[in-house]
>>> print(open('my_file_33.txt').read())   # compact mmCIF, C-alpha atoms and all ligand atoms
# COMPACT_ATOMS: atom_id res chain seq x y z
CA MET A 30 37.15 53.26 90.40
CA ALA A 31 37.49 53.60 94.16
CA THR A 32 38.52 57.03 95.41
CA ALA A 33 42.07 57.15 96.75
CA LEU A 34 42.40 57.72 100.45
CA GLN A 35 44.62 60.46 101.82
CA ALA A 36 46.66 60.86 104.97
CA VAL A 37 45.03 62.62 107.91
CA ARG A 38 45.44 66.39 107.63
CA GLY A 39 48.58 67.56 109.44
CA MET A 40 50.07 64.05 109.54
CA ASN A 41 52.87 63.68 107.02
CA ASP A 42 54.77 60.97 105.24
CA VAL A 43 58.55 61.22 105.16
CA LEU A 44 59.58 60.05 101.70
CA PRO A 45 62.90 58.36 100.90
CA ASP A 46 64.29 61.57 99.35
CA GLU A 47 63.60 63.44 102.58
CA ALA A 48 64.77 60.75 104.97
CA PRO A 49 68.54 61.44 104.84
CA LEU A 50 68.19 64.78 106.67
CA TRP A 51 65.97 63.12 109.30
CA GLN A 52 68.55 60.39 109.75
CA ARG A 53 71.38 62.88 109.95
CA PHE A 54 69.59 64.71 112.73
CA GLU A 55 68.62 61.49 114.54
CA ASP A 56 72.10 59.94 114.35
CA THR A 57 73.79 63.15 115.50
CA ALA A 58 71.37 63.71 118.37
CA ARG A 59 71.72 60.13 119.63
CA ARG A 60 75.49 60.39 119.45
CA VAL A 61 75.63 63.70 121.37
CA PHE A 62 73.19 62.47 124.05
CA GLU A 63 75.32 59.33 124.52
CA GLN A 64 78.36 61.53 125.00
CA TYR A 65 76.66 62.96 128.10
CA GLY A 66 75.56 59.60 129.51
CA TYR A 67 71.90 59.63 128.41
CA ARG A 68 70.32 56.22 127.77
CA ASN A 69 67.34 55.33 125.65
CA LEU A 70 63.93 54.74 127.24
CA ARG A 71 60.78 53.98 125.22
CA VAL A 72 57.26 54.64 126.40
CA PRO A 73 53.86 54.02 124.73
CA LEU A 74 52.25 56.41 122.26
CA VAL A 75 48.97 56.10 124.14
CA GLU A 76 48.44 56.78 127.83
CA PRO A 77 45.44 57.15 130.14
CA THR A 78 43.99 60.65 129.62
CA PRO A 79 44.26 61.71 133.32
CA LEU A 80 48.07 61.43 133.06
CA TYR A 81 48.17 64.44 130.73
CA VAL A 82 45.41 66.40 132.42
CA ARG A 83 47.20 66.16 135.76
CA SER A 84 50.71 66.84 134.49
CA ILE A 85 50.30 69.34 131.66
CA GLY A 86 47.44 71.11 133.45
CA GLU A 87 43.72 71.42 132.87
CA HIS A 88 43.86 75.03 131.70
CA THR A 89 46.57 74.78 129.05
CA ASP A 90 46.19 74.95 125.26
CA VAL A 91 47.37 71.38 124.98
CA VAL A 92 44.77 69.91 127.34
CA GLU A 93 41.94 72.31 126.48
CA LYS A 94 42.05 71.97 122.72
CA GLU A 95 44.96 70.04 121.27
CA MET A 96 44.70 66.47 122.58
CA TYR A 97 43.55 63.47 120.57
CA THR A 98 41.41 61.87 123.25
CA PHE A 99 39.09 58.94 122.60
CA ALA A 100 37.18 56.25 124.44
CA ASP A 101 38.47 52.72 124.05
CA ARG A 102 35.43 51.10 122.43
CA LEU A 103 36.01 47.81 124.18
CA ASN A 104 36.17 48.98 127.78
CA GLY A 105 35.31 52.68 127.77
CA ASP A 106 38.68 53.85 129.12
CA SER A 107 39.61 57.40 128.15
CA LEU A 108 42.90 57.28 126.25
CA THR A 109 45.03 60.03 124.68
CA LEU A 110 47.67 60.00 121.94
CA ARG A 111 50.69 61.49 123.63
CA PRO A 112 51.05 65.26 123.05
CA GLU A 113 54.52 65.23 124.67
CA ALA A 114 56.85 62.71 126.26
CA THR A 115 57.75 63.94 129.75
CA ALA A 116 54.52 62.83 131.45
CA GLY A 117 54.85 59.29 130.07
CA ILE A 118 58.50 59.07 131.08
CA VAL A 119 57.73 60.19 134.63
CA ARG A 120 54.84 57.72 134.77
CA ALA A 121 57.22 54.96 133.66
CA ALA A 122 59.93 56.05 136.11
CA ILE A 123 57.44 55.86 139.00
CA GLU A 124 55.94 52.58 137.82
CA HIS A 125 59.36 50.88 137.55
CA SER A 126 61.03 52.69 140.50
CA LEU A 127 63.67 53.82 138.01
CA THR A 128 65.22 56.42 140.30
CA TYR A 129 65.06 54.23 143.43
CA GLU A 130 68.82 53.56 143.55
CA ARG A 131 70.29 56.40 141.56
CA PRO A 132 69.26 59.26 139.35
CA GLN A 133 68.82 58.54 135.64
CA ARG A 134 69.64 60.36 132.44
CA VAL A 135 67.28 59.19 129.68
CA TRP A 136 66.17 60.18 126.20
CA THR A 137 63.35 59.09 123.94
CA ALA A 138 62.19 59.97 120.44
CA GLY A 139 59.11 59.59 118.32
CA PRO A 140 55.82 61.04 117.17
CA MET A 141 53.66 63.36 119.29
CA PHE A 142 50.08 64.41 118.50
CA ARG A 143 48.42 67.78 118.89
CA HIS A 144 45.30 68.99 117.13
CA GLU A 145 46.68 72.35 115.95
CA ARG A 146 46.22 74.31 112.73
CA PRO A 147 48.76 72.77 110.32
CA GLN A 148 51.27 75.17 108.79
CA LYS A 149 54.99 75.22 108.07
CA GLY A 150 56.73 73.86 111.17
CA ARG A 151 53.44 72.97 112.90
CA TYR A 152 51.72 69.65 112.35
CA ARG A 153 49.23 67.33 114.04
CA GLN A 154 51.62 64.44 114.14
CA PHE A 155 55.11 65.76 114.73
CA HIS A 156 58.30 64.33 116.14
CA GLN A 157 60.37 65.15 119.17
CA PHE A 158 63.66 64.10 120.63
CA ASP A 159 63.12 64.28 124.33
CA VAL A 160 65.75 64.30 127.07
CA GLU A 161 65.13 63.97 130.81
CA ALA A 162 67.45 64.00 133.83
CA LEU A 163 65.49 62.32 136.63
CA GLY A 164 66.50 62.74 140.29
CA PHE A 165 68.91 65.65 139.87
CA PRO A 166 68.30 68.85 141.87
CA GLY A 167 70.50 70.97 139.58
CA PRO A 168 71.45 73.56 138.59
CA ASP A 169 74.50 71.67 137.27
CA VAL A 170 72.34 69.30 135.22
CA ASP A 171 70.17 72.18 133.93
CA ALA A 172 73.34 73.81 132.58
CA GLU A 173 74.66 70.50 131.24
CA GLN A 174 71.52 69.97 129.15
CA ILE A 175 71.81 73.44 127.67
CA VAL A 176 75.53 72.98 126.94
CA MET A 177 74.67 69.63 125.33
CA LEU A 178 72.16 71.36 123.03
CA ALA A 179 74.77 73.95 122.07
CA ARG A 180 77.05 71.05 121.15
CA LEU A 181 74.28 69.44 119.10
CA TRP A 182 73.75 72.63 117.08
CA ARG A 183 77.51 72.78 116.43
CA ALA A 184 77.63 69.11 115.45
CA LEU A 185 74.81 69.75 112.95
CA GLY A 186 76.54 72.89 111.66
CA LEU A 187 73.49 74.97 112.61
CA THR A 188 74.02 78.60 113.53
CA GLY A 189 71.72 81.43 114.50
CA ILE A 190 69.78 79.52 117.19
CA ALA A 191 69.45 81.86 120.19
CA LEU A 192 68.96 80.78 123.79
CA SER A 193 66.51 82.45 126.21
CA ILE A 194 66.36 81.46 129.85
CA ASN A 195 64.23 82.42 132.82
CA SER A 196 63.35 81.27 136.30
CA ILE A 197 59.67 80.84 137.12
CA GLY A 198 60.37 80.06 140.77
CA ASP A 199 59.01 77.40 143.11
CA ALA A 200 55.43 76.56 144.06
CA ASP A 201 55.13 79.21 146.83
CA GLU A 202 56.65 81.97 144.72
CA ARG A 203 54.40 80.98 141.87
CA ARG A 204 51.34 81.15 144.10
CA ALA A 205 52.25 84.64 145.30
CA HIS A 206 53.01 85.71 141.74
CA ARG A 207 49.74 84.21 140.55
CA ALA A 208 47.81 86.33 143.04
CA ALA A 209 49.70 89.44 141.90
CA LEU A 210 48.96 88.57 138.27
CA ILE A 211 45.24 88.10 138.89
CA GLU A 212 45.12 91.46 140.63
CA TYR A 213 46.99 93.12 137.76
CA PHE A 214 44.92 91.53 134.98
CA GLU A 215 41.67 92.25 136.84
CA ALA A 216 42.65 95.91 136.93
CA HIS A 217 43.13 95.75 133.12
CA ASN A 218 40.13 93.54 132.43
CA ASN A 219 38.85 95.50 129.43
CA ALA A 220 42.17 95.05 127.60
CA LEU A 221 42.03 91.24 127.83
CA ASP A 222 41.05 88.98 124.93
CA GLU A 223 38.54 86.13 125.34
CA ASP A 224 41.20 83.49 126.07
CA ALA A 225 42.75 85.68 128.72
CA LYS A 226 39.43 86.47 130.38
CA ARG A 227 38.63 82.79 130.58
CA ARG A 228 42.03 81.98 132.07
CA LEU A 229 42.23 84.92 134.40
CA HIS A 230 41.28 82.95 137.51
CA ALA A 231 42.13 79.44 136.37
CA ASN A 232 45.62 79.99 135.02
CA PRO A 233 46.77 83.63 134.78
CA LEU A 234 50.36 82.56 134.08
CA ARG A 235 49.21 81.24 130.71
CA ILE A 236 48.14 84.76 129.74
CA LEU A 237 51.83 85.69 129.73
CA ASP A 238 52.35 83.15 126.94
CA SER A 239 49.64 84.79 124.78
CA LYS A 240 50.56 84.99 121.10
CA ASN A 241 47.92 87.70 120.46
CA PRO A 242 49.79 90.87 119.34
CA ALA A 243 47.03 93.05 120.85
CA MET A 244 47.84 91.58 124.25
CA GLN A 245 51.58 92.26 124.18
CA ALA A 246 51.50 95.68 125.86
CA ILE A 247 49.41 94.43 128.76
CA VAL A 248 51.64 91.36 129.12
CA GLU A 249 54.74 93.58 129.11
CA GLY A 250 53.51 95.52 132.12
CA ALA A 251 52.60 92.50 134.24
CA PRO A 252 54.42 91.74 137.52
CA ARG A 253 57.49 89.60 136.89
CA LEU A 254 58.23 86.47 138.86
CA VAL A 255 61.96 86.87 138.33
CA ASP A 256 61.78 90.01 140.53
CA ARG A 257 60.17 88.05 143.39
CA LEU A 258 62.27 84.89 143.56
CA GLY A 259 63.11 83.56 147.03
CA ALA A 260 66.71 82.98 148.09
CA ALA A 261 66.91 79.33 146.97
CA SER A 262 65.39 79.92 143.52
CA ARG A 263 67.53 83.01 143.07
CA ALA A 264 70.71 81.09 143.96
CA HIS A 265 69.70 78.27 141.58
CA PHE A 266 69.23 80.74 138.73
CA ASP A 267 72.45 82.65 139.48
CA GLU A 268 74.42 79.41 139.52
CA LEU A 269 72.86 78.30 136.23
CA ARG A 270 73.93 81.58 134.66
CA ALA A 271 77.45 81.27 136.07
CA LEU A 272 77.72 77.73 134.63
CA LEU A 273 76.55 78.88 131.20
CA ASP A 274 79.02 81.77 131.31
CA GLU A 275 81.78 79.36 132.26
CA ALA A 276 80.88 77.13 129.29
CA GLY A 277 80.79 80.12 126.93
CA VAL A 278 77.14 79.57 126.01
CA ARG A 279 75.46 82.87 125.22
CA TYR A 280 71.91 83.52 126.40
CA THR A 281 69.36 86.23 127.04
CA VAL A 282 67.41 86.34 130.27
CA ASN A 283 63.80 86.81 129.21
CA PRO A 284 61.71 87.55 132.32
CA ARG A 285 58.54 86.97 130.23
CA LEU A 286 59.48 83.46 129.22
CA VAL A 287 56.93 80.92 130.43
CA ARG A 288 56.25 77.54 128.88
CA GLY A 289 53.01 76.08 127.61
CA LEU A 290 52.86 73.22 130.13
CA ASP A 291 52.06 73.68 133.83
CA TYR A 292 54.59 71.34 135.43
CA TYR A 293 57.66 73.55 135.13
CA ASN A 294 59.36 75.35 138.01
CA ARG A 295 62.59 77.34 138.39
CA THR A 296 64.62 76.92 135.19
CA VAL A 297 62.85 77.33 131.85
CA PHE A 298 64.59 77.77 128.50
CA GLU A 299 63.94 78.00 124.78
CA TRP A 300 66.13 77.90 121.70
CA VAL A 301 64.72 80.06 118.90
CA THR A 302 65.68 80.66 115.29
CA ASP A 303 64.37 83.52 113.17
CA ALA A 304 64.67 81.39 110.03
CA LEU A 305 61.27 79.66 110.44
CA GLY A 306 58.87 82.56 110.90
CA ALA A 307 56.32 82.12 113.69
CA GLN A 308 57.37 78.51 114.29
CA GLY A 309 60.82 79.57 115.50
CA THR A 310 61.14 77.60 118.73
CA VAL A 311 63.21 74.53 117.90
CA ALA A 312 63.71 73.27 121.45
CA GLY A 313 62.33 74.06 124.87
CA GLY A 314 62.48 72.71 128.36
CA GLY A 315 63.07 73.27 132.01
CA ARG A 316 62.87 71.88 135.50
CA TYR A 317 59.84 70.05 136.90
CA ASP A 318 60.61 69.25 140.54
CA GLY A 319 56.94 68.75 141.48
CA LEU A 320 55.81 66.37 138.73
CA PHE A 321 56.78 63.05 140.33
CA ALA A 322 54.76 63.87 143.45
CA GLU A 323 51.90 65.24 141.32
CA LEU A 324 51.70 61.85 139.58
CA GLY A 325 51.79 59.87 142.82
CA GLY A 326 55.53 59.21 143.06
CA LYS A 327 58.12 60.10 145.64
CA PRO A 328 59.22 63.75 145.30
CA THR A 329 62.05 63.69 142.74
CA PRO A 330 63.71 66.74 141.21
CA ALA A 331 64.10 66.60 137.43
CA CYS A 332 64.91 68.64 134.34
CA GLY A 333 64.38 68.02 130.64
CA PHE A 334 63.73 69.38 127.18
CA ALA A 335 62.28 68.46 123.80
CA ILE A 336 63.54 69.23 120.30
CA GLY A 337 61.09 69.56 117.41
CA VAL A 338 62.48 67.31 114.67
CA GLU A 339 60.47 68.77 111.75
CA ARG A 340 61.80 72.24 112.57
CA MET A 341 65.34 70.83 112.74
CA VAL A 342 64.88 69.23 109.34
CA LEU A 343 63.62 72.53 107.90
CA LEU A 344 66.76 74.25 109.23
CA LEU A 345 69.03 71.52 107.86
CA GLU A 346 67.30 71.81 104.47
CA ALA A 347 67.83 75.58 104.35
CA GLN A 348 71.42 75.12 105.44
CA ALA A 349 72.06 72.54 102.72
CA LYS A 350 70.68 74.90 100.05
CA ARG A 351 72.74 77.81 101.32
CA ASP A 352 75.93 75.78 101.69
CA ALA A 353 75.62 74.45 98.16
CA SER A 354 75.98 77.92 96.70
CA ALA A 355 77.77 80.04 99.32
CA ALA A 356 81.46 80.91 99.33
CA ASP A 357 83.56 80.43 102.45
CA ALA A 358 84.46 84.12 102.54
CA TYR A 359 83.34 87.40 100.96
CA VAL A 360 86.07 90.04 100.77
CA VAL A 361 84.97 93.61 101.44
CA HIS A 362 87.41 96.40 100.61
CA ALA A 363 87.00 100.15 100.82
CA GLY A 364 89.68 102.77 100.23
CA ALA A 365 92.21 103.45 97.49
CA THR A 366 95.01 101.31 98.88
CA ALA A 367 92.82 98.46 100.09
CA ALA A 368 92.08 96.68 96.80
CA PRO A 369 95.55 95.15 96.20
CA THR A 370 95.65 93.83 99.78
CA ALA A 371 92.14 92.43 99.34
CA ARG A 372 93.19 90.54 96.19
CA ARG A 373 96.32 89.25 97.88
CA ALA A 374 94.31 88.04 100.89
CA ALA A 375 91.79 86.26 98.63
CA GLU A 376 94.55 84.51 96.66
CA ALA A 377 96.19 83.37 99.91
CA LEU A 378 92.91 81.81 101.07
CA ARG A 379 92.32 80.16 97.68
CA ASP A 380 95.84 78.67 97.89
CA HIS A 381 94.49 76.77 100.87
CA GLY A 382 91.38 75.55 99.08
CA ALA A 383 88.82 78.12 100.24
CA ASN A 384 86.11 79.49 97.93
CA VAL A 385 86.41 83.25 98.06
CA VAL A 386 84.40 86.03 96.42
CA VAL A 387 86.02 89.47 96.20
CA HIS A 388 83.59 92.37 96.00
CA ALA A 389 83.73 93.82 92.49
CA GLY A 390 82.45 97.19 91.31
CA ALA A 391 81.36 100.19 93.32
CA GLY A 392 79.83 100.29 96.76
CA ASN A 393 80.71 101.86 100.08
CA PHE A 394 81.61 99.77 103.07
CA ARG A 395 78.03 99.40 104.31
CA ALA A 396 76.68 98.36 100.93
CA GLN A 397 79.46 95.81 100.52
CA MET A 398 78.78 94.33 103.97
CA LYS A 399 75.13 93.91 102.98
CA LYS A 400 76.26 92.00 99.87
CA ALA A 401 78.54 89.87 102.03
CA ASP A 402 75.65 89.02 104.36
CA ALA A 403 73.29 88.24 101.50
CA SER A 404 75.88 86.00 99.81
CA GLY A 405 75.52 83.41 102.57
CA ALA A 406 79.30 83.32 103.06
CA ARG A 407 80.29 82.27 106.53
CA PHE A 408 82.94 85.01 106.94
CA ALA A 409 83.63 88.50 105.68
CA ILE A 410 87.25 89.50 105.18
CA ILE A 411 87.43 93.24 105.71
CA VAL A 412 90.18 95.40 104.25
CA GLY A 413 90.32 99.16 104.73
CA ASP A 414 93.13 101.67 104.10
CA ASP A 415 94.27 101.45 107.73
CA GLU A 416 94.39 97.68 107.63
CA ALA A 417 96.21 97.72 104.30
CA ALA A 418 98.84 100.14 105.67
CA ALA A 419 99.36 97.88 108.70
CA GLY A 420 99.48 94.71 106.59
CA THR A 421 96.43 93.26 108.36
CA VAL A 422 92.85 92.29 107.48
CA ALA A 423 89.85 91.63 109.71
CA ILE A 424 87.86 88.37 109.76
CA LYS A 425 84.22 88.79 110.73
CA PRO A 426 81.93 85.77 111.32
CA LEU A 427 78.65 86.47 109.49
CA ARG A 428 76.41 83.60 110.56
CA GLU A 429 77.24 82.58 114.08
CA GLY A 430 78.01 86.00 115.54
CA GLY A 431 81.19 86.56 117.50
CA GLU A 432 83.95 89.11 117.51
CA GLN A 433 85.74 90.44 114.48
CA VAL A 434 89.48 89.64 114.71
CA ALA A 435 92.41 91.47 113.06
CA VAL A 436 95.13 89.24 111.63
CA PRO A 437 98.36 89.89 109.67
CA VAL A 438 97.89 88.98 106.00
CA ALA A 439 100.78 86.52 106.36
CA ASP A 440 98.82 84.55 109.00
CA LEU A 441 95.43 84.84 107.31
CA ALA A 442 95.17 81.34 105.83
CA ALA A 443 96.08 79.59 109.09
CA ARG A 444 93.83 81.76 111.24
CA PHE A 445 90.97 81.39 108.76
CA ALA A 446 91.29 77.59 108.77
CA ALA A 447 91.20 77.60 112.58
CA LEU A 448 88.03 79.71 112.63
CA GLN A 449 86.40 77.53 109.97
CA SER A 450 86.87 74.37 111.99
CA ARG A 451 85.43 75.91 115.15
P1 LIG A 501 55.04 76.40 120.12
O1 LIG A 501 55.19 77.60 121.00
O2 LIG A 501 55.75 76.52 118.80
O3 LIG A 501 53.61 75.93 119.99
P2 LIG A 501 55.38 74.62 122.33
O4 LIG A 501 55.85 75.51 123.43
O5 LIG A 501 53.96 74.22 122.27
O6 LIG A 501 55.82 75.22 120.90
P3 LIG A 501 56.74 72.31 123.42
O7 LIG A 501 55.56 71.68 124.00
O8 LIG A 501 57.74 72.94 124.31
O9 LIG A 501 56.32 73.33 122.27
O10 LIG A 501 57.51 71.26 122.50
C1 LIG A 501 58.90 71.33 122.22
C2 LIG A 501 59.17 71.51 120.75
O11 LIG A 501 58.40 70.64 119.94
C3 LIG A 501 58.84 72.89 120.23
O12 LIG A 501 59.85 73.79 120.51
C4 LIG A 501 58.72 72.63 118.74
O13 LIG A 501 60.00 72.61 118.13
C5 LIG A 501 58.12 71.26 118.69
N1 LIG A 501 56.67 71.33 118.46
C6 LIG A 501 55.69 71.59 119.36
N2 LIG A 501 54.48 71.53 118.78
C7 LIG A 501 54.69 71.21 117.47
C8 LIG A 501 53.84 70.97 116.34
N3 LIG A 501 52.52 71.04 116.44
N4 LIG A 501 54.41 70.68 115.15
C9 LIG A 501 55.75 70.60 115.03
N5 LIG A 501 56.61 70.78 116.05
C10 LIG A 501 56.09 71.08 117.26
MG MG A 502 52.26 74.85 121.18
>>> encode(input="my_file_33.txt", output="structure tokens")
Amino acid sequence: MATALQAVRGMNDVLPDEAPLWQRFEDTARRVFEQYGYRNLRVPLVEPTPLYVRSIGEHTDVVEKEMYTFADRLNGDSLTLRPEATAGIVRAAIEHSLTYERPQRVWTAGPMFRHERPQKGRYRQFHQFDVEALGFPGPDVDAEQIVMLARLWRALGLTGIALSINSIGDADERRAHRAALIEYFEAHNNALDEDAKRRLHANPLRILDSKNPAMQAIVEGAPRLVDRLGAASRAHFDELRALLDEAGVRYTVNPRLVRGLDYYNRTVFEWVTDALGAQGTVAGGGRYDGLFAELGGKPTPACGFAIGVERMVLLLEAQAKRDASAADAYVVHAGATAAPTARRAAEALRDHGANVVVHAGAGNFRAQMKKADASGARFAIIVGDDEAAAGTVAIKPLREGGEQVAVPVADLAARFAALQSR
């Protein structure tokens, strides 16, 4: 009998049982992007190799060791399976003068290829949804893309995805910072790993992105670009932050945040979950004002991001499992007079169709809150003696963060329903 052939390592089938979560993500993403005026653009899976070397950068992980590059046997051309979509989109935009008359908001989706070590959330063929705003100087469009992602997470019911932002400045600031970095890393040469030593002069910025734990202390102490931004980059970043504040999108400024591809400038951002271990970045992006010119086009400011679909599907899977068994609320009550109020509150919520678990048995407040967290319930209802005396309870969101609110027991069901539909 002939031996059965197997798929290439790190390149997966999506079976019919798994497809519904993929489709849910894809349909929702397309819908949300449309709501913001993004239109579909499709580019080839294979491009000339120099496109990626020039855009992503010669001294990046992707170009140095992750690309599937091969010679076309018929004519000897060097071709590469796309490791990301932005370079191809910019190539297409230049080739077809897409931004000649007006800027363009576009999205694309499909498989990307990187020769990495396969593990959960990291594959050799993986899928991205990729969004690009071409011809916009920002920062309004930078903020809009981030707000759009926050909406997508809400539309998917995903919580616990945290946003980090940073500014990595413009070309001049980056050059000055680069010189400062080389000086700093040279002074600490004996603490550098092999990768870092090799990159020291070629691409010191990439050292900041090192995933080697032994390198973290040295990286922590390095000069920060965010401290050296010029007036224009500083204003861009401040305005971005003001726009995110205005939209109510929470973020952390991480001055160490750099991205794995060389073409970024000014705004960079990442959305990270702690539910997927080391493969926690579910989306990342930023501004790339120099890329059009780098690829032979007219200078055109632009900003974009990519979402990793496999990581989204893993999150949706975990969410589906949790939702199948979790109650809507877990009632925590501590104090002699609290228990009757707790039971009354739970019955009131059940009257309105909620699934509610009331803590039973012993346990101080802290222990009960731990149980509430572990239960997967979306909210804790907290009743103490003080609350009971005042006829109120507190509602605390457990998954998405946010403030605890005190409400009169009489209003609990209505207020709870409002929070649930948020
Ligand atoms: P990581 O730090 O996890 O290697 P990255 O910075 O290389 O990610 P990007 O090039 O910014 O990733 O790609 C955007 C998104 O695509 C990532 O946030 C991730 O969700 C997804 N992604 C990247 N590489 C892979 C891969 N090999 N397998 C699965 N998903 C991936
Ligand atoms: Mg990577």
>>> residues_near_point(input="my_file_33.txt", point="(78.8, 69.1, 113.0)", cutoff="12 Å", atoms="only C-alpha atoms", output="PyMOL selection string")
chain A and resi 53-54+56-58+60-61+179-188+345+449-451
>>> write_last_selection(input="my_file_33.txt", atoms="C-alpha atoms", output="PDB file, keeping the file's coordinate frame")
ATOM      1  CA  ARG A  53      71.380  62.880 109.950  1.00  0.00           C
ATOM      2  CA  PHE A  54      69.590  64.710 112.730  1.00  0.00           C
ATOM      3  CA  ASP A  56      72.100  59.940 114.350  1.00  0.00           C
ATOM      4  CA  THR A  57      73.790  63.150 115.500  1.00  0.00           C
ATOM      5  CA  ALA A  58      71.370  63.710 118.370  1.00  0.00           C
ATOM      6  CA  ARG A  60      75.490  60.390 119.450  1.00  0.00           C
ATOM      7  CA  VAL A  61      75.630  63.700 121.370  1.00  0.00           C
ATOM      8  CA  ALA A 179      74.770  73.950 122.070  1.00  0.00           C
ATOM      9  CA  ARG A 180      77.050  71.050 121.150  1.00  0.00           C
ATOM     10  CA  LEU A 181      74.280  69.440 119.100  1.00  0.00           C
ATOM     11  CA  TRP A 182      73.750  72.630 117.080  1.00  0.00           C
ATOM     12  CA  ARG A 183      77.510  72.780 116.430  1.00  0.00           C
ATOM     13  CA  ALA A 184      77.630  69.110 115.450  1.00  0.00           C
ATOM     14  CA  LEU A 185      74.810  69.750 112.950  1.00  0.00           C
ATOM     15  CA  GLY A 186      76.540  72.890 111.660  1.00  0.00           C
ATOM     16  CA  LEU A 187      73.490  74.970 112.610  1.00  0.00           C
ATOM     17  CA  THR A 188      74.020  78.600 113.530  1.00  0.00           C
ATOM     18  CA  LEU A 345      69.030  71.520 107.860  1.00  0.00           C
ATOM     19  CA  GLN A 449      86.400  77.530 109.970  1.00  0.00           C
ATOM     20  CA  SER A 450      86.870  74.370 111.990  1.00  0.00           C
ATOM     21  CA  ARG A 451      85.430  75.910 115.150  1.00  0.00           C
TER      22      ARG A 451
END
>>> residues_near_ligand(input="my_file_33.txt", ligand="ligand MG 502 (chain A)", cutoff="9 Å", atoms="all atoms listed in the file", output="list in words")
Asp90, Val91, Glu95, Arg143, Glu145, Arg151 and Gly289 of chain A
>>> write_last_selection(input="my_file_33.txt", atoms="C-alpha atoms", output="PDB file, in the coordinates of the input")
ATOM      1  CA  ASP A  90      46.190  74.950 125.260  1.00  0.00           C
ATOM      2  CA  VAL A  91      47.370  71.380 124.980  1.00  0.00           C
ATOM      3  CA  GLU A  95      44.960  70.040 121.270  1.00  0.00           C
ATOM      4  CA  ARG A 143      48.420  67.780 118.890  1.00  0.00           C
ATOM      5  CA  GLU A 145      46.680  72.350 115.950  1.00  0.00           C
ATOM      6  CA  ARG A 151      53.440  72.970 112.900  1.00  0.00           C
ATOM      7  CA  GLY A 289      53.010  76.080 127.610  1.00  0.00           C
TER       8      GLY A 289
END
>>> residues_near_ligand(input="my_file_33.txt", ligand="ligand LIG 501 (chain A)", cutoff="9 Å", atoms="only C-alpha atoms and all ligand atoms", output="ChimeraX atom specification")
/A:39,90-91,112-113,141-159,238,240,287-290,299-301,307-314,334-341
>>> closest_residue(input="my_file_33.txt", among="A:Ala264, A:Ala367, A:Ala347, A:Leu286", to="Leu237 in chain A", atoms="all atoms listed in the file")
A:Leu286
>>> residues_around(input="my_file_33.txt", residues="range 249-252 of chain A", least_positions_apart="5", cutoff="8 Å", atoms="only C-alpha atoms", output="list of chain:residue names")
A:His206, A:Ala209, A:Leu210, A:Tyr213, A:Phe214, A:Arg285
>>> closest_residue(input="my_file_33.txt", among="A:Asn283, A:Thr109, A:Thr89, A:Thr128", to="Phe165 in chain A", atoms="all atoms listed in the file")
A:Thr128
>>> axis_aligned_box(input="my_file_33.txt", around="range 364-374 of chain A", padding_each_side="8 Å", output="AutoDock Vina command-line options")
--center_x 93.0 --center_y 95.7 --center_z 98.5 --size_x 22.6 --size_y 31.4 --size_z 20.7
>>> atom_distance(input="my_file_33.txt", atom1="CA of Tyr97 in chain A", atom2="CA of Val75 in chain A")
9.8 Å
>>> residues_around(input="my_file_33.txt", residues="range 319-331 of chain A", least_positions_apart="6", cutoff="6 Å", atoms="all atoms listed in the file", output="list in words")
Ile123, Ala162, Leu163, Gly164, Phe165 and Pro166 of chain A
>>> atom_distance(input="my_file_33.txt", atom1="CA of Ser354 in chain A", atom2="CA of Gly431 in chain A")
23.1 Å
>>> atom_distance(input="my_file_33.txt", atom1="CA of Ala406 in chain A", atom2="CA of Ala356 in chain A")
4.9 Å
>>> closest_residue(input="my_file_33.txt", among="A:Thr302, A:Ser239, A:Thr78, A:Thr98", to="Asp222 in chain A", atoms="only C-alpha atoms")
A:Ser239
>>> closest_residue(input="my_file_33.txt", among="A:Val342, A:Ile410, A:Gly382, A:Gln433", to="Val43 in chain A", atoms="only C-alpha atoms")
A:Val342
>>> residues_around(input="my_file_33.txt", residues="Leu272 in chain A", least_positions_apart="3", cutoff="9 Å", atoms="all atoms listed in the file", output="ChimeraX atom specification")
/A:168-169,172-173,267-269,275-278
>>> closest_residue(input="my_file_33.txt", among="A:Ala121, A:Ala443, A:Leu221, A:Val37", to="Ala383 in chain A", atoms="only C-alpha atoms")
A:Ala443
>>> residues_around(input="my_file_33.txt", residues="Gly390 in chain A", least_positions_apart="3", cutoff="12 Å", atoms="only C-alpha atoms", output="MDAnalysis selection string")
chainID A and resid 361:363 368 387 393 396:397 400
>>> closest_residue(input="my_file_33.txt", among="A:Ile247, A:Leu192, A:Pro242, A:Val434", to="His217 in chain A", atoms="only C-alpha atoms")
A:Ile247
